[in-house]
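Below: one structure, written as structure tokens.
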Amino acid sequence: MLSLTNVVSAQTPTPRSVTDDEVNVVARDLYCPVCENIPLDVCGTKACAQWRELIREKLALGWDEKAIQDYFALNYGDRVLSEPPREGLNWLVYILPPVIILAGAALVWKVLRGGRKTASANPGPSPAVQQDQYTEQIEAELRRRQKQG
Amino acid sequence: MEPMNSPEKTNHYSLPLWKNILAFWVLIGFLVLLAWALNRTQEPSIQVGDQVPLFTLYSYDGQPLVNTGDLEGKVIVVNFWASWCTPCADEAEDLEQAWQNYEPGGQVVFLGVNWADTEKEARAYLDQYEISYLNGPDLRTAISQMFRTTGVPETYIIDQNGRLAYVEKGPFQSLTEIQVVIDGILTQ
């Protein structure tokens, strides 16, 4: 009987004590469906307290953060995770925004560069010069009319 | 007077045609994807009278307990609950009593779907209220998402033809209330 106990204790890891901080490190990246958008580490409901206790139990058994997240996703769905898992269509969430931003930035850069080239190739008169030409024409017209009148 | 000499020039810049076509299709693809995702989230919940899709209830060990396809011709009472939910406890004894009343007739099946709960507390709850009908966790919240539940307790009763016959959001107030609803469906 004693030897059997020894065998069992050798196979089963002895639960260690887990601090609240250790629990919260895992809990802050999990969300319970009951209180949406509130991380588990700061959620005050009884459901969240139970979930935090579950995290404590798993940590005491030697589970790491990834294993606990996988367990929660398997049991409660991917929406309990702070980040969607990188698989299937979820990849779009990670890939599309940077691709769109980069493509937009590249487009803006090309347009600006193209515009600058065109502008430097055909330098038009500055607004001040335009204004002067206009004023000169008005004054010339006034002088002409004065002479006539 | 002659019009002034306009020095304005339009700096016209255009992308090659193939880039325009590519950008157009990327945009269309993105919009289609967006519409699909929106449509998926906006899908209406199962309404009374709608056919309820088949689903499987699993045990806490992950073993399939029952598939609703195997319960054809029976009235199925699907109750969503959680151990942390006080109103669930209020109706627990009435549901169990109702199950015991209907079980001998074999026409009604009760299924408890444990939503967003922890196994240890859920098992303690089942022991405390001596619940004997089939119960299991809502794995990946698949069943609650199918019914689009808004919380617990909620009870969905499916008639003999597999159509949703009744929805109770919140707890039943009494055993009589439960039996009146089920009897009404049985006599339809």
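As shown in the structure tokens, the chain order sets the letters A, B, ...; within each chain, residues go from 1, and ligands are also counted from 1 in the order they appear.
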
Can you check which parts of chain A lie within 8 Å of chain B? Per residue, the shortest pair of atoms and distance in Å to one decimal, counting only C-alpha atoms, sorted by chain and number, as CSV.
residue,atom,partner,partner_atom,distance
A:Cys32,CA,B:Ala116,CA,7.5
A:Pro33,CA,B:Ala116,CA,6.9
A:Val34,CA,B:Ala116,CA,7.5
A:Lys46,CA,B:Trp84,CA,6.0
A:Ala47,CA,B:Trp84,CA,5.8
A:Gln50,CA,B:Thr118,CA,6.7
A:Trp51,CA,B:Thr118,CA,6.7
A:Leu54,CA,B:Thr118,CA,7.2
A:Ala73,CA,B:Arg140,CA,6.8
A:Leu74,CA,B:Arg140,CA,5.8
A:Asn75,CA,B:Arg140,CA,4.9
A:Tyr76,CA,B:Arg140,CA,4.1
A:Gly77,CA,B:Arg140,CA,3.8
A:Asp78,CA,B:Arg140,CA,7.4
A:Val111,CA,B:Tyr13,CA,6.5
A:Gly114,CA,B:Tyr13,CA,6.5
A:Gly115,CA,B:Asn11,CA,5.6
A:Thr118,CA,B:Asn11,CA,6.3
A:Ala119,CA,B:Asn11,CA,7.0
A:Gly124,CA,B:Pro7,CA,5.9
A:Pro125,CA,B:Pro7,CA,6.6
A:Tyr134,CA,B:Met4,CA,7.7

Spatial neighbours of Leu54 of chain B, 10 Å, only C-alpha atoms, chain gap at least 4 places, as a PyMOL selection string: chain B and resi 67-71+143+146+162

By how many Å are atom CA of Val108 of chain A and atom CA of Gly29 of chain B apart? 21.9 Å

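Restricting the calculation to only C-alpha atoms, the smallest distance between Ala92 of chain B and any of B:Pro53, B:Pro153, B:Gly136, B:Gly106 is found for B:Pro153.
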
I'd like to know which residues of chain B are strand (DSSP E) (by DSSP, run on the backbone); could you write them as a count of residues only? 36

Near-Asp90 of chain B list (12 Å; only C-alpha atoms; drop same-chain fewer than 3 positions) as number ranges by chain: B: 81-87, 93-96, 129, 152-153, 170-175

Quick one: everything within 12 Å of Gln47 of chain B, counting only C-alpha atoms, minus sequence neighbours fewer than 2 positions away in the same chain. Send it as a ChimeraX atom specification. /B:43-45,49-53,146-149,156-158,163-167

All helix (DSSP H, G or I) residues (DSSP, backbone) inside segment 24-131 of chain B, as an NGL selection string: :B and (24-42 or 68-71 or 86-105 or 119-128)

Residues from last step as file, C-alpha atoms, as a short mmCIF file (atom, residue, chain, number, x, y, z; two decimals), in the first residue's frame:
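This went into again.cif:
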data_model
loop_
_atom_site.label_atom_id
_atom_site.label_comp_id
_atom_site.auth_asym_id
_atom_site.auth_seq_id
_atom_site.Cartn_x
_atom_site.Cartn_y
_atom_site.Cartn_z
CA PHE B 24 -10.56 47.17 -57.10
CA TRP B 25 -10.72 43.42 -56.54
CA VAL B 26 -8.94 43.63 -53.19
CA LEU B 27 -11.52 46.21 -52.12
CA ILE B 28 -14.40 44.06 -53.39
CA GLY B 29 -12.97 41.02 -51.59
CA PHE B 30 -12.62 42.99 -48.39
CA LEU B 31 -16.22 44.25 -48.61
CA VAL B 32 -17.55 40.74 -49.31
CA LEU B 33 -15.65 39.43 -46.29
CA LEU B 34 -16.98 42.24 -44.15
CA ALA B 35 -20.56 41.60 -45.32
CA TRP B 36 -20.21 37.90 -44.62
CA ALA B 37 -18.92 38.53 -41.09
CA LEU B 38 -21.65 41.08 -40.38
CA ASN B 39 -24.32 38.78 -41.73
CA ARG B 40 -23.04 36.00 -39.53
CA THR B 41 -23.20 38.08 -36.37
CA GLN B 42 -26.62 39.51 -37.25
CA THR B 68 -30.97 15.56 -30.08
CA GLY B 69 -31.30 13.62 -33.32
CA ASP B 70 -31.77 10.51 -31.17
CA LEU B 71 -34.69 12.11 -29.32
CA THR B 86 -28.76 32.55 -8.04
CA PRO B 87 -32.00 32.52 -10.08
CA CYS B 88 -30.90 29.16 -11.52
CA ALA B 89 -30.89 27.75 -8.02
CA ASP B 90 -34.39 29.12 -7.49
CA GLU B 91 -35.81 26.94 -10.25
CA ALA B 92 -33.50 23.92 -9.83
CA GLU B 93 -35.75 21.94 -7.53
CA ASP B 94 -38.85 22.62 -9.63
CA LEU B 95 -37.08 21.47 -12.79
CA GLU B 96 -35.90 18.29 -11.09
CA GLN B 97 -39.39 17.62 -9.76
CA ALA B 98 -40.87 18.19 -13.21
CA TRP B 99 -38.34 15.78 -14.71
CA GLN B 100 -39.26 13.12 -12.17
CA ASN B 101 -42.93 13.59 -13.02
CA TYR B 102 -42.38 13.26 -16.77
CA GLU B 103 -39.62 10.66 -16.86
CA PRO B 104 -41.90 7.59 -16.48
CA GLY B 105 -44.01 8.68 -19.47
CA GLU B 119 -16.61 21.79 -13.34
CA LYS B 120 -16.05 21.49 -9.60
CA GLU B 121 -18.72 24.04 -8.70
CA ALA B 122 -21.09 22.68 -11.33
CA ARG B 123 -20.84 19.15 -9.97
CA ALA B 124 -21.39 20.46 -6.44
CA TYR B 125 -24.51 22.28 -7.67
CA LEU B 126 -25.86 19.12 -9.30
CA ASP B 127 -25.26 17.19 -6.08
CA GLN B 128 -26.79 19.90 -3.92
#
